[in-house]
$ cat input39.txt   # compact mmCIF, C-alpha atoms and all ligand atoms
# COMPACT_ATOMS: atom_id res chain seq x y z
CA MET A 22 0.10 34.76 11.97
CA ASP A 23 1.53 32.20 14.35
CA PRO A 24 -1.24 30.10 16.03
CA SER A 25 0.40 30.88 19.36
CA THR A 26 -0.47 34.58 18.87
CA LYS A 27 -2.31 35.94 21.87
CA VAL A 28 -5.59 37.48 20.72
CA VAL A 29 -7.73 39.02 23.46
CA ILE A 30 -11.34 39.76 22.51
CA ILE A 31 -13.26 42.14 24.77
CA GLY A 32 -16.96 41.20 24.72
CA GLY A 33 -18.34 37.70 24.30
CA GLY A 34 -21.59 38.64 22.50
CA VAL A 35 -22.29 37.38 19.01
CA MET A 36 -19.52 39.49 17.43
CA GLY A 37 -16.82 38.48 19.89
CA ALA A 38 -17.90 34.83 19.94
CA ALA A 39 -18.08 34.63 16.12
CA THR A 40 -14.59 36.17 15.82
CA ALA A 41 -13.21 33.66 18.34
CA SER A 42 -14.92 30.78 16.53
CA PHE A 43 -13.42 31.71 13.12
CA LEU A 44 -9.98 32.47 14.60
CA GLY A 45 -9.97 28.91 15.94
CA SER A 46 -11.49 27.04 13.02
CA ARG A 47 -9.74 28.90 10.18
CA PHE A 48 -6.39 29.85 11.71
CA GLY A 49 -5.85 27.64 14.76
CA ILE A 50 -5.67 30.72 17.00
CA GLN A 51 -7.08 30.11 20.47
CA ALA A 52 -8.40 33.49 21.57
CA THR A 53 -9.09 34.67 25.10
CA VAL A 54 -12.57 36.25 25.32
CA LEU A 55 -13.24 38.60 28.23
CA GLU A 56 -16.97 38.69 28.97
CA ARG A 57 -18.03 40.49 32.13
CA ASP A 58 -21.44 38.78 32.37
CA ALA A 59 -21.73 35.15 31.30
CA SER A 60 -25.51 35.37 31.76
CA TYR A 61 -25.68 37.95 28.91
CA ALA A 62 -28.54 39.62 30.80
CA ARG A 63 -27.99 43.02 29.13
CA ALA A 64 -26.20 41.95 25.96
CA SER A 65 -27.87 43.09 22.75
CA SER A 66 -27.39 39.63 21.29
CA ALA A 67 -29.75 38.22 23.94
CA LEU A 68 -32.38 40.97 23.64
CA SER A 69 -32.58 41.24 19.88
CA VAL A 70 -35.41 40.67 17.42
CA CYS A 71 -32.99 38.64 15.29
CA ALA A 72 -34.23 39.33 11.80
CA ILE A 73 -32.16 39.06 8.62
CA ARG A 74 -32.80 40.79 5.32
CA GLN A 75 -31.22 41.67 2.02
CA GLN A 76 -33.12 44.91 1.67
CA PHE A 77 -30.38 47.43 2.45
CA SER A 78 -29.42 50.52 0.49
CA THR A 79 -25.65 49.95 0.52
CA GLU A 80 -23.88 47.18 -1.34
CA ILE A 81 -21.66 46.23 1.57
CA ASN A 82 -24.64 45.59 3.87
CA ILE A 83 -26.37 43.52 1.20
CA ARG A 84 -23.23 41.42 0.59
CA ILE A 85 -22.65 40.91 4.33
CA SER A 86 -26.21 39.71 4.84
CA GLN A 87 -26.05 37.38 1.85
CA GLN A 88 -22.87 35.75 3.18
CA SER A 89 -24.29 35.58 6.70
CA LEU A 90 -27.60 34.11 5.53
CA ALA A 91 -25.77 31.33 3.70
CA PHE A 92 -23.90 30.62 6.95
CA TYR A 93 -26.99 30.69 9.17
CA ARG A 94 -28.81 28.30 6.82
CA GLU A 95 -26.01 25.79 7.40
CA ILE A 96 -25.17 26.62 11.00
CA GLY A 97 -26.10 23.15 12.27
CA ARG A 98 -23.34 21.63 10.16
CA LEU A 99 -20.85 24.50 10.29
CA LEU A 100 -20.85 24.94 14.07
CA ALA A 101 -21.49 21.34 15.11
CA VAL A 102 -19.53 20.28 18.16
CA GLY A 103 -19.31 16.50 18.09
CA ASN A 104 -22.88 15.26 17.61
CA ASP A 105 -24.32 18.50 18.92
CA ARG A 106 -25.75 20.45 15.97
CA PRO A 107 -27.02 23.91 16.88
CA ASN A 108 -30.51 24.83 15.73
CA ILE A 109 -31.33 28.53 15.54
CA GLY A 110 -34.86 28.08 14.16
CA LEU A 111 -34.28 30.18 11.04
CA VAL A 112 -37.49 30.87 9.09
CA GLU A 113 -37.73 32.94 5.92
CA PRO A 114 -41.19 34.53 5.50
CA GLY A 115 -39.59 37.66 4.01
CA TYR A 116 -39.47 41.39 4.71
CA LEU A 117 -42.05 43.81 3.39
CA TYR A 118 -41.07 47.48 3.20
CA LEU A 119 -44.03 49.77 2.60
CA ALA A 120 -43.72 53.28 1.17
CA THR A 121 -46.03 56.22 0.60
CA ASP A 122 -45.58 58.50 -2.41
CA ALA A 123 -42.86 60.33 -0.47
CA GLY A 124 -40.74 57.18 -0.03
CA ALA A 125 -41.53 55.38 -3.29
CA GLN A 126 -38.51 56.60 -5.22
CA VAL A 127 -36.04 55.58 -2.51
CA LEU A 128 -37.64 52.14 -2.27
CA THR A 129 -37.40 51.76 -6.05
CA GLU A 130 -33.73 52.85 -6.10
CA ASN A 131 -32.92 50.44 -3.26
CA GLN A 132 -34.65 47.59 -5.09
CA ALA A 133 -32.56 48.28 -8.20
CA LEU A 134 -29.33 48.05 -6.17
CA GLN A 135 -30.53 44.90 -4.37
CA THR A 136 -31.31 43.32 -7.75
CA ARG A 137 -27.82 44.22 -9.07
CA CYS A 138 -26.40 42.44 -6.03
CA GLY A 139 -28.34 39.29 -6.85
CA ALA A 140 -31.13 39.66 -4.29
CA VAL A 141 -34.60 38.83 -5.58
CA VAL A 142 -36.79 41.67 -4.32
CA ALA A 143 -40.10 42.50 -5.99
CA LEU A 144 -41.87 45.86 -6.12
CA LEU A 145 -45.60 45.35 -5.52
CA SER A 146 -48.44 47.77 -6.26
CA PRO A 147 -51.20 48.31 -3.66
CA ALA A 148 -53.44 45.95 -5.66
CA GLU A 149 -50.76 43.24 -5.71
CA LEU A 150 -50.15 43.75 -1.99
CA GLY A 151 -53.88 43.44 -1.29
CA GLU A 152 -54.06 40.23 -3.28
CA ARG A 153 -51.05 38.66 -1.56
CA PHE A 154 -51.85 39.94 1.95
CA PRO A 155 -55.66 40.39 2.25
CA TRP A 156 -55.29 41.29 5.95
CA LEU A 157 -53.18 44.39 5.10
CA SER A 158 -54.65 47.86 4.62
CA THR A 159 -52.89 49.59 1.72
CA GLU A 160 -54.30 53.00 2.68
CA GLN A 161 -51.77 55.68 1.61
CA ILE A 162 -49.35 53.02 0.35
CA ALA A 163 -47.79 53.66 -3.06
CA VAL A 164 -45.55 50.60 -3.29
CA GLY A 165 -44.10 47.73 -1.25
CA SER A 166 -40.86 45.80 -1.68
CA LEU A 167 -40.77 42.12 -0.73
CA GLY A 168 -37.91 39.62 -0.69
CA LEU A 169 -38.85 36.76 -2.98
CA SER A 170 -35.73 34.67 -3.54
CA SER A 171 -36.48 31.07 -4.35
CA PRO A 172 -37.00 28.54 -2.84
CA MET A 173 -36.85 30.68 0.34
CA SER A 174 -37.28 34.45 0.50
CA GLY A 175 -33.74 35.12 1.73
CA GLU A 176 -35.21 37.18 4.58
CA GLY A 177 -36.66 36.20 7.91
CA TRP A 178 -35.66 35.68 11.53
CA PHE A 179 -34.08 33.25 13.96
CA ASP A 180 -33.18 32.77 17.63
CA GLY A 181 -30.30 35.13 18.32
CA TYR A 182 -29.41 33.74 21.73
CA SER A 183 -29.03 30.28 20.19
CA ALA A 184 -26.78 31.75 17.49
CA LEU A 185 -24.64 33.43 20.15
CA GLN A 186 -24.37 30.18 22.14
CA ALA A 187 -23.57 28.21 18.98
CA PHE A 188 -20.61 30.50 18.22
CA ARG A 189 -19.51 30.46 21.85
CA GLN A 190 -19.60 26.65 22.18
CA HIS A 191 -17.89 26.24 18.83
CA ALA A 192 -15.17 28.73 19.80
CA ILE A 193 -14.57 26.86 23.07
CA ALA A 194 -14.36 23.57 21.16
CA GLN A 195 -11.61 25.20 19.03
CA GLY A 196 -9.68 26.06 22.21
CA ALA A 197 -10.92 29.59 22.93
CA ARG A 198 -11.03 30.57 26.59
CA PHE A 199 -14.02 32.61 27.85
CA VAL A 200 -13.05 34.43 31.05
CA GLU A 201 -15.66 36.23 33.17
CA ALA A 202 -13.91 39.59 33.66
CA GLU A 203 -14.39 43.23 32.75
CA ALA A 204 -11.69 44.98 30.72
CA VAL A 205 -11.07 48.51 31.98
CA ASP A 206 -7.69 49.65 30.61
CA PHE A 207 -4.63 48.73 28.59
CA ASP A 208 -0.84 48.69 28.90
CA THR A 209 0.59 50.21 25.74
CA HIS A 210 4.09 50.49 24.37
CA ALA A 211 5.21 52.15 21.11
CA GLY A 212 1.68 52.35 19.65
CA ALA A 213 0.74 48.78 20.50
CA VAL A 214 -1.30 47.30 23.33
CA ARG A 215 0.77 44.82 25.33
CA SER A 216 -1.87 43.75 27.83
CA VAL A 217 -5.51 44.24 28.77
CA ILE A 218 -6.14 45.23 32.39
CA THR A 219 -9.26 43.87 34.08
CA GLN A 220 -11.41 45.38 36.83
CA GLN A 221 -9.73 42.98 39.26
CA GLY A 222 -6.30 44.34 38.24
CA GLU A 223 -5.25 41.26 36.30
CA ARG A 224 -3.07 41.90 33.23
CA ILE A 225 -3.75 39.66 30.24
CA ALA A 226 -0.95 39.68 27.70
CA ALA A 227 -2.03 40.45 24.13
CA ASP A 228 -0.46 40.49 20.68
CA ALA A 229 -3.78 41.69 19.25
CA VAL A 230 -6.94 43.04 20.87
CA VAL A 231 -10.50 43.13 19.52
CA ILE A 232 -13.01 45.60 20.95
CA ALA A 233 -16.38 43.86 20.47
CA ALA A 234 -18.10 45.19 23.56
CA GLY A 235 -21.32 46.20 21.83
CA ALA A 236 -22.98 49.31 23.24
CA TRP A 237 -20.15 49.60 25.78
CA SER A 238 -17.29 49.80 23.26
CA SER A 239 -16.58 53.52 23.35
CA PRO A 240 -15.05 53.73 26.89
CA LEU A 241 -12.52 51.09 25.80
CA ALA A 242 -11.58 53.05 22.67
CA ALA A 243 -11.43 56.22 24.79
CA ALA A 244 -8.85 54.53 27.03
CA LEU A 245 -6.72 54.37 23.86
CA GLY A 246 -7.41 57.99 22.94
CA VAL A 247 -10.04 57.36 20.25
CA ASP A 248 -13.56 58.81 20.33
CA LEU A 249 -15.70 55.95 19.01
CA PRO A 250 -19.22 57.25 18.23
CA VAL A 251 -21.03 54.20 19.62
CA ARG A 252 -23.73 54.81 22.20
CA ALA A 253 -26.29 52.66 24.09
CA ARG A 254 -29.71 53.57 22.65
CA LYS A 255 -32.70 51.75 24.14
CA ARG A 256 -35.24 50.03 21.91
CA ASP A 257 -38.53 48.64 23.30
CA VAL A 258 -40.09 45.44 21.97
CA PHE A 259 -43.70 44.39 22.65
CA ALA A 260 -45.06 40.83 22.44
CA LEU A 261 -48.68 40.58 21.34
CA GLN A 262 -51.41 37.97 21.16
CA ALA A 263 -53.79 38.70 18.30
CA SER A 264 -57.05 36.94 17.54
CA GLY A 265 -55.28 34.70 15.05
CA PRO A 266 -52.35 34.43 12.64
CA LEU A 267 -52.03 36.54 9.47
CA PRO A 268 -51.44 34.11 6.57
CA GLY A 269 -48.03 34.54 4.93
CA CYS A 270 -47.12 37.45 7.19
CA PRO A 271 -43.55 38.70 6.64
CA LEU A 272 -41.71 41.25 8.79
CA VAL A 273 -43.58 44.42 7.86
CA ILE A 274 -42.00 47.88 8.05
CA ASP A 275 -44.52 50.69 7.94
CA PRO A 276 -43.67 54.09 6.41
CA SER A 277 -44.31 55.68 9.83
CA GLY A 278 -41.39 53.73 11.31
CA PHE A 279 -42.98 50.83 13.23
CA TRP A 280 -42.47 47.18 12.41
CA PHE A 281 -44.16 43.90 13.32
CA ARG A 282 -43.58 40.24 12.63
CA PRO A 283 -45.12 36.91 13.66
CA ASP A 284 -43.57 35.01 16.56
CA GLY A 285 -44.60 31.45 15.78
CA ASN A 286 -47.82 30.68 13.92
CA THR A 287 -50.51 30.87 16.58
CA GLY A 288 -51.30 34.58 16.39
CA GLN A 289 -48.39 35.88 18.44
CA PHE A 290 -46.47 38.88 17.15
CA LEU A 291 -43.56 41.12 18.08
CA CYS A 292 -43.57 44.81 17.29
CA GLY A 293 -41.61 47.96 17.96
CA SER A 294 -40.52 51.34 16.70
CA PRO A 295 -37.89 53.99 17.38
CA PRO A 296 -38.52 55.88 20.65
CA ARG A 297 -41.17 58.60 20.80
CA SER A 298 -38.91 61.24 22.30
CA ALA A 299 -35.29 62.18 21.67
CA ASP A 300 -33.07 59.14 21.37
CA LEU A 301 -31.18 59.43 24.67
CA ASP A 302 -28.08 57.45 25.62
CA ASP A 303 -28.05 54.89 28.45
CA VAL A 304 -31.76 55.01 29.39
CA PRO A 305 -32.11 52.07 31.85
CA LEU A 306 -33.38 48.90 30.17
CA GLU A 307 -35.94 48.51 32.97
CA GLN A 308 -37.74 51.65 31.74
CA VAL A 309 -39.85 50.16 28.96
CA ASP A 310 -42.03 52.94 27.54
CA ARG A 311 -45.44 51.25 27.90
CA GLY A 312 -47.15 54.39 26.59
CA LEU A 313 -45.30 53.92 23.33
CA PHE A 314 -47.50 50.93 22.63
CA ASP A 315 -50.82 52.21 23.94
CA GLU A 316 -50.64 55.76 22.64
CA TRP A 317 -48.56 55.49 19.50
CA LEU A 318 -48.06 51.95 18.20
CA TRP A 319 -51.43 50.31 18.70
CA PRO A 320 -53.50 52.90 16.81
CA ARG A 321 -51.11 52.68 13.85
CA LEU A 322 -50.96 48.87 13.97
CA ALA A 323 -54.76 48.72 13.87
CA GLU A 324 -54.86 51.09 10.90
CA ARG A 325 -52.43 48.95 8.94
CA VAL A 326 -53.95 45.62 10.01
CA PRO A 327 -57.62 45.99 11.03
CA GLN A 328 -57.43 42.60 12.81
CA PHE A 329 -55.00 44.21 15.28
CA ASP A 330 -57.87 46.27 16.64
CA ALA A 331 -58.30 43.45 19.15
CA LEU A 332 -55.11 42.20 20.74
CA ARG A 333 -53.38 41.72 24.10
CA VAL A 334 -49.86 42.72 25.13
CA THR A 335 -48.36 39.59 26.65
CA GLY A 336 -44.90 40.97 27.41
CA ALA A 337 -42.34 43.66 26.72
CA TRP A 338 -38.60 44.09 27.01
CA ALA A 339 -35.89 46.54 26.04
CA GLY A 340 -32.37 46.16 24.70
CA TYR A 341 -29.67 48.55 23.59
CA TYR A 342 -28.83 49.20 19.99
CA GLU A 343 -25.05 49.69 19.88
CA TYR A 344 -25.84 52.84 17.96
CA ASN A 345 -23.24 54.44 15.70
CA THR A 346 -24.18 58.12 15.90
CA PHE A 347 -21.95 58.93 12.90
CA ASP A 348 -23.65 56.87 10.20
CA GLN A 349 -25.56 53.94 11.81
CA ASN A 350 -23.34 51.28 10.26
CA GLY A 351 -20.83 48.82 11.67
CA LEU A 352 -17.34 50.09 12.48
CA VAL A 353 -15.08 47.22 11.51
CA GLY A 354 -11.30 47.20 11.20
CA ARG A 355 -8.17 48.55 12.83
CA LEU A 356 -8.55 51.24 15.49
CA PRO A 357 -6.80 54.32 14.04
CA GLY A 358 -3.61 55.30 15.84
CA THR A 359 -2.93 51.80 17.14
CA ASP A 360 -0.96 48.92 15.64
CA ASN A 361 -2.76 45.91 17.04
CA VAL A 362 -6.25 46.92 18.15
CA PHE A 363 -9.31 46.00 16.09
CA VAL A 364 -12.96 47.01 16.42
CA ALA A 365 -16.26 45.32 15.53
CA ALA A 366 -18.99 47.54 16.96
CA GLY A 367 -21.70 50.07 16.15
CA PHE A 368 -24.01 47.88 14.07
CA SER A 369 -27.07 49.93 15.04
CA GLY A 370 -29.75 47.25 14.89
CA HIS A 371 -28.34 44.95 12.21
CA GLY A 372 -25.45 43.22 13.97
CA LEU A 373 -26.91 39.84 14.68
CA GLN A 374 -27.51 39.15 11.01
CA GLN A 375 -24.02 40.42 10.15
CA ALA A 376 -22.09 38.39 12.75
CA PRO A 377 -21.03 35.43 10.56
CA ALA A 378 -19.51 37.60 7.80
CA VAL A 379 -18.03 40.16 10.19
CA GLY A 380 -16.64 37.50 12.55
CA LEU A 381 -14.95 35.74 9.64
CA GLY A 382 -13.61 39.00 8.18
CA MET A 383 -12.29 40.07 11.56
CA ALA A 384 -10.50 36.73 12.01
CA GLU A 385 -8.98 37.07 8.51
CA LEU A 386 -7.83 40.63 9.16
CA ILE A 387 -6.14 39.70 12.44
CA ALA A 388 -4.56 36.50 11.14
CA THR A 389 -3.49 37.58 7.64
CA GLY A 390 -3.54 41.38 7.64
CA GLY A 391 -6.37 41.60 5.08
CA TYR A 392 -9.85 40.38 4.15
CA GLN A 393 -9.93 37.10 2.20
CA SER A 394 -13.58 36.15 1.66
CA LEU A 395 -15.57 39.40 1.65
CA ASP A 396 -13.96 42.84 1.52
CA LEU A 397 -15.26 44.62 4.62
CA SER A 398 -13.10 47.71 4.06
CA PRO A 399 -16.13 50.00 3.38
CA LEU A 400 -16.76 49.68 7.13
CA HIS A 401 -13.24 50.91 8.07
CA LEU A 402 -12.89 53.40 10.90
CA GLU A 403 -10.99 56.01 8.88
CA ARG A 404 -14.34 57.18 7.56
CA LEU A 405 -14.74 58.96 10.92
CA SER A 406 -11.67 61.19 10.52
CA ASP A 407 -12.33 61.55 6.77
CA ASN A 408 -15.86 62.69 7.62
CA ALA A 409 -17.11 60.28 4.95
CA PRO A 410 -20.27 58.62 6.30
CA LEU A 411 -21.48 55.39 4.74
CA LEU A 412 -25.14 56.25 4.49
CA GLU A 413 -27.57 53.36 4.87
CA ARG A 414 -31.15 54.46 4.23
CA ASN A 415 -32.77 51.27 5.53
CA ILE A 416 -32.17 51.59 9.25
CA ILE A 417 -35.00 50.32 11.44
C1 LIG B 501 -34.41 45.36 20.51
C2 LIG B 501 -33.34 44.99 19.52
C3 LIG B 501 -33.70 44.48 18.29
C4 LIG B 501 -32.71 44.12 17.38
N1 LIG B 501 -33.09 43.56 16.18
C5 LIG B 501 -32.14 43.13 15.34
C6 LIG B 501 -32.52 42.45 14.15
O1 LIG B 501 -33.69 42.27 13.87
N2 LIG B 501 -31.52 42.00 13.33
C7 LIG B 501 -30.20 42.21 13.62
O2 LIG B 501 -29.35 41.78 12.84
N3 LIG B 501 -29.81 42.85 14.74
C8 LIG B 501 -30.75 43.30 15.60
N4 LIG B 501 -30.38 43.96 16.74
C9 LIG B 501 -28.98 44.30 16.93
C10 LIG B 501 -28.14 43.12 17.38
O3 LIG B 501 -28.77 42.48 18.46
C11 LIG B 501 -26.75 43.64 17.76
O4 LIG B 501 -26.22 44.37 16.67
C12 LIG B 501 -25.77 42.51 18.11
O5 LIG B 501 -26.34 41.63 19.03
C13 LIG B 501 -24.51 43.12 18.66
O6 LIG B 501 -23.68 42.07 19.13
P1 LIG B 501 -22.39 42.43 19.95
O7 LIG B 501 -21.69 41.16 20.22
O8 LIG B 501 -21.64 43.52 19.25
O9 LIG B 501 -22.93 43.12 21.29
P2 LIG B 501 -23.56 42.43 22.67
O10 LIG B 501 -24.39 41.29 22.30
O11 LIG B 501 -24.11 43.53 23.43
O12 LIG B 501 -22.25 41.87 23.33
C14 LIG B 501 -21.28 42.72 23.91
C15 LIG B 501 -20.80 42.04 25.16
O13 LIG B 501 -19.70 42.76 25.66
C16 LIG B 501 -19.71 42.66 27.07
N5 LIG B 501 -18.90 43.75 27.58
C17 LIG B 501 -19.15 45.07 27.47
N6 LIG B 501 -18.14 45.79 27.98
C18 LIG B 501 -17.23 44.89 28.43
C19 LIG B 501 -15.96 45.02 29.06
N7 LIG B 501 -15.42 46.23 29.33
N8 LIG B 501 -15.30 43.90 29.42
C20 LIG B 501 -15.83 42.66 29.17
N9 LIG B 501 -17.04 42.48 28.59
C21 LIG B 501 -17.71 43.59 28.20
C22 LIG B 501 -21.18 42.75 27.43
O14 LIG B 501 -21.44 42.15 28.69
C23 LIG B 501 -21.84 42.00 26.27
O15 LIG B 501 -22.11 40.66 26.61
C24 LIG B 501 -31.34 44.31 17.68
C25 LIG B 501 -30.98 44.83 18.93
C26 LIG B 501 -31.96 45.15 19.85
C27 LIG B 501 -31.55 45.68 21.20
$ encode --input "input39.txt" --output "structure tokens" --more "lines below"
Ligand SMILES: Cc1cc2nc3c(=O)[nH]c(=O)nc-3n(C[C@H](O)[C@H](O)[C@H](O)COP(=O)(O)OP(=O)(O)OC[C@H]3O[C@@H](n4cnc5c(N)ncnc54)[C@H](O)[C@@H]3O)c2cc1C
Amino acid sequence: MDPSTKVVIIGGGVMGAATASFLGSRFGIQATVLERDASYARASSALSVCAIRQQFSTEINIRISQQSLAFYREIGRLLAVGNDRPNIGLVEPGYLYLATDAGAQVLTENQALQTRCGAVVALLSPAELGERFPWLSTEQIAVGSLGLSSPMSGEGWFDGYSALQAFRQHAIAQGARFVEAEAVDFDTHAGAVRSVITQQGERIAADAVVIAAGAWSSPLAAALGVDLPVRARKRDVFALQASGPLPGCPLVIDPSGFWFRPDGNTGQFLCGSPPRSADLDDVPLEQVDRGLFDEWLWPRLAERVPQFDALRVTGAWAGYYEYNTFDQNGLVGRLPGTDNVFVAAGFSGHGLQQAPAVGLGMAELIATGGYQSLDLSPLHLERLSDNAPLLERNII
């Protein structure tokens, strides 16, 4: 594709910014990124828990995370702008999935697939768990799976807002233009979009368009006649101060659905779970369900980690999962029925860790017509009309 090609990306979150960065660095294409809120106040990328793991149940998600982890480990060098080397504070204390008898077989099957894909994930008995993590109650636990790649576990967390800004600054250094504007409609001709229309009525000419608008992607696809099953589903996160740190604590996922992880090493933790009631669309982010912690999470946290019997909630926030109601996996590729519109949305709680691989794949697809480094075609959008869900069992 000619470097003068006009690529318009709608949404300047981590997906849009990563796509713009790779379009510039790999193909010399200077994209225009429409981002309606440069403060990113409601963007998922700024409200995330920012963890990365290899423990998925589908090969494509494992491969994406492996490629993305390699990128994030080197992000300071790969996205340096002049002498400015971004630091996203990546740490790798691992992920620990716990299962009761009911979930043990699935965990074991997942571990076998992860091992075939080259991830080092160990299955640990309750006795082994107790030895490694003396602060953990193994009551009702049949088995745990723990990332143990060497020298680092291959699983951990980082600062998502810094990753977003690193991609954004790098994209701008490659010539991308971030414009504060909201896309509302399109001019189309013979199956192709010719321009993107903004709220202010401006028309921005486009040879190719990327819908990377996170939880707000489906109205844009609807304007092109496609029902994209991506909805804004609120997730609450609670910040805790415990009486002290838990040595070697990874990100722990309990069989009942809650998770917790350290936030630094002075006894602060983050925790959360899916909502207590039906998972409704567009619940305002201001409505953090405080009762979720007091009535549901805390008792379970204290059962799993007796030390959590005494703790203090120091803060709480909510963000939207850009939730794919069809199969909870990213929708990546060409928008069916259009010639020049692409989508990267619907990552349902695992998009931040997938941004490097998806951003690169998206840039390759736009610039060359196909994937060059990692084949992302299992995430294609035709699976919607084929009614062929890509089922990922490890959704948090
Ligand atoms: C509480 C929480 C915890 C999470 N934990 C993890 C985790 O541990 N690991 C992980 O990998 N992922 C996690 N995620 C998911 C991850 O944050 C998202 O998958 C990722 O940030 C999605 O990036 P995005 O760029 O697609 O969307 P966003 O970051 O939401 O960016 C989309 C942007 O598009 C803009 N926009 C929308 N509509 C328009 C329009 N019409 N015109 C112009 N601009 C528009 C918005 O303003 C927004 O800035 C979590 C998410 C939440 C909410």
$ residues_near_ligand --input "input39.txt" --ligand "ligand LIG 501 (chain B)" --cutoff "6 Å" --atoms "only C-alpha atoms and all ligand atoms" --output "PyMOL selection string"
chain A and resi 31-37+55-58+61+64-66+68-73+202-205+233-237+256-258+339-342+366+368-374
$ residues_around --input "input39.txt" --residues "Gln186 of chain A" --least-positions-apart "4" --cutoff "9 Å" --atoms "all atoms listed in the file" --output "list in words"
Gly34, Val35, Ala38, Pro107, Gly181, Tyr182, Gln190 and His191 of chain A
$ closest_residue --input "input39.txt" --among "A:Val29, A:Ile85, A:Ile416, A:Leu134" --to "Leu381 of chain A" --atoms "only C-alpha atoms"
A:Ile85
$ atom_distance --input "input39.txt" --atom1 "atom CA of Asn408 of chain A" --atom2 "atom CA of Gln75 of chain A"
26.6 Å
$ residues_around --input "input39.txt" --residues "Gln289 of chain A" --least-positions-apart "3" --cutoff "10 Å" --atoms "all atoms listed in the file" --output "number ranges by chain"
A: 260-267, 282-286, 332-335
$ write_last_selection --input "input39.txt" --atoms "C-alpha atoms" --output "mmCIF file, in the coordinates of the input"
data_model
loop_
_atom_site.group_PDB
_atom_site.id
_atom_site.type_symbol
_atom_site.label_atom_id
_atom_site.label_comp_id
_atom_site.auth_asym_id
_atom_site.auth_seq_id
_atom_site.Cartn_x
_atom_site.Cartn_y
_atom_site.Cartn_z
ATOM 1 C CA ALA A 260 -45.060 40.830 22.440
ATOM 2 C CA LEU A 261 -48.680 40.580 21.340
ATOM 3 C CA GLN A 262 -51.410 37.970 21.160
ATOM 4 C CA ALA A 263 -53.790 38.700 18.300
ATOM 5 C CA SER A 264 -57.050 36.940 17.540
ATOM 6 C CA GLY A 265 -55.280 34.700 15.050
ATOM 7 C CA PRO A 266 -52.350 34.430 12.640
ATOM 8 C CA LEU A 267 -52.030 36.540 9.470
ATOM 9 C CA ARG A 282 -43.580 40.240 12.630
ATOM 10 C CA PRO A 283 -45.120 36.910 13.660
ATOM 11 C CA ASP A 284 -43.570 35.010 16.560
ATOM 12 C CA GLY A 285 -44.600 31.450 15.780
ATOM 13 C CA ASN A 286 -47.820 30.680 13.920
ATOM 14 C CA LEU A 332 -55.110 42.200 20.740
ATOM 15 C CA ARG A 333 -53.380 41.720 24.100
ATOM 16 C CA VAL A 334 -49.860 42.720 25.130
ATOM 17 C CA THR A 335 -48.360 39.590 26.650
#
$ residues_around --input "input39.txt" --residues "segment 42-48 of chain A" --least-positions-apart "6" --cutoff "8 Å" --atoms "only C-alpha atoms" --output "PyMOL selection string"
chain A and resi 24+188-189+191-193+195-197+380-381+384-385+388
$ closest_residue --input "input39.txt" --among "A:Gln76, A:Asn361, A:Thr346, A:Gly269" --to "Val28 of chain A" --atoms "only C-alpha atoms"
A:Asn361
$ closest_atom_pairs --input "input39.txt" --of "segment 39-89 of chain A" --to "segment 393-398 of chain A" --cutoff "9 Å" --atoms "only C-alpha atoms" --output "Markdown table"
| residue | atom | partner | partner_atom | distance |
| --- | --- | --- | --- | --- |
| A:Ile81 | CA | A:Leu397 | CA | 7.3 |
| A:Arg84 | CA | A:Leu395 | CA | 8.0 |
| A:Ile85 | CA | A:Leu395 | CA | 7.7 |
| A:Gln88 | CA | A:Leu395 | CA | 8.3 |
$ write_last_selection --input "input39.txt" --atoms "C-alpha atoms" --output "short mmCIF file (atom, residue, chain, number, x, y, z; two decimals), keeping the file's coordinate frame"
data_model
loop_
_atom_site.label_atom_id
_atom_site.label_comp_id
_atom_site.auth_asym_id
_atom_site.auth_seq_id
_atom_site.Cartn_x
_atom_site.Cartn_y
_atom_site.Cartn_z
CA ILE A 81 -21.66 46.23 1.57
CA ARG A 84 -23.23 41.42 0.59
CA ILE A 85 -22.65 40.91 4.33
CA GLN A 88 -22.87 35.75 3.18
#
$ decode --input "input39.txt" --residues "segment 136-142 of chain A" --atoms "N, CA and C atoms" --output "short mmCIF file (atom, residue, chain, number, x, y, z; two decimals), in the first residue's frame"
data_model
loop_
_atom_site.label_atom_id
_atom_site.label_comp_id
_atom_site.auth_asym_id
_atom_site.auth_seq_id
_atom_site.Cartn_x
_atom_site.Cartn_y
_atom_site.Cartn_z
N THR A 136 0.95 -25.77 27.40
CA THR A 136 2.27 -26.40 27.31
C THR A 136 2.62 -26.66 25.84
N ARG A 137 1.65 -27.15 25.06
CA ARG A 137 1.90 -27.39 23.62
C ARG A 137 2.29 -26.10 22.91
N CYS A 138 1.79 -24.98 23.41
CA CYS A 138 2.10 -23.68 22.79
C CYS A 138 3.40 -23.08 23.34
N GLY A 139 4.06 -23.81 24.21
CA GLY A 139 5.36 -23.34 24.69
C GLY A 139 5.31 -22.54 25.97
N ALA A 140 4.12 -22.42 26.57
CA ALA A 140 4.03 -21.71 27.85
C ALA A 140 4.39 -22.68 28.97
N VAL A 141 5.14 -22.20 29.96
CA VAL A 141 5.48 -23.07 31.09
C VAL A 141 4.47 -22.79 32.20
N VAL A 142 3.53 -23.71 32.34
CA VAL A 142 2.46 -23.56 33.34
C VAL A 142 2.43 -24.87 34.13
#
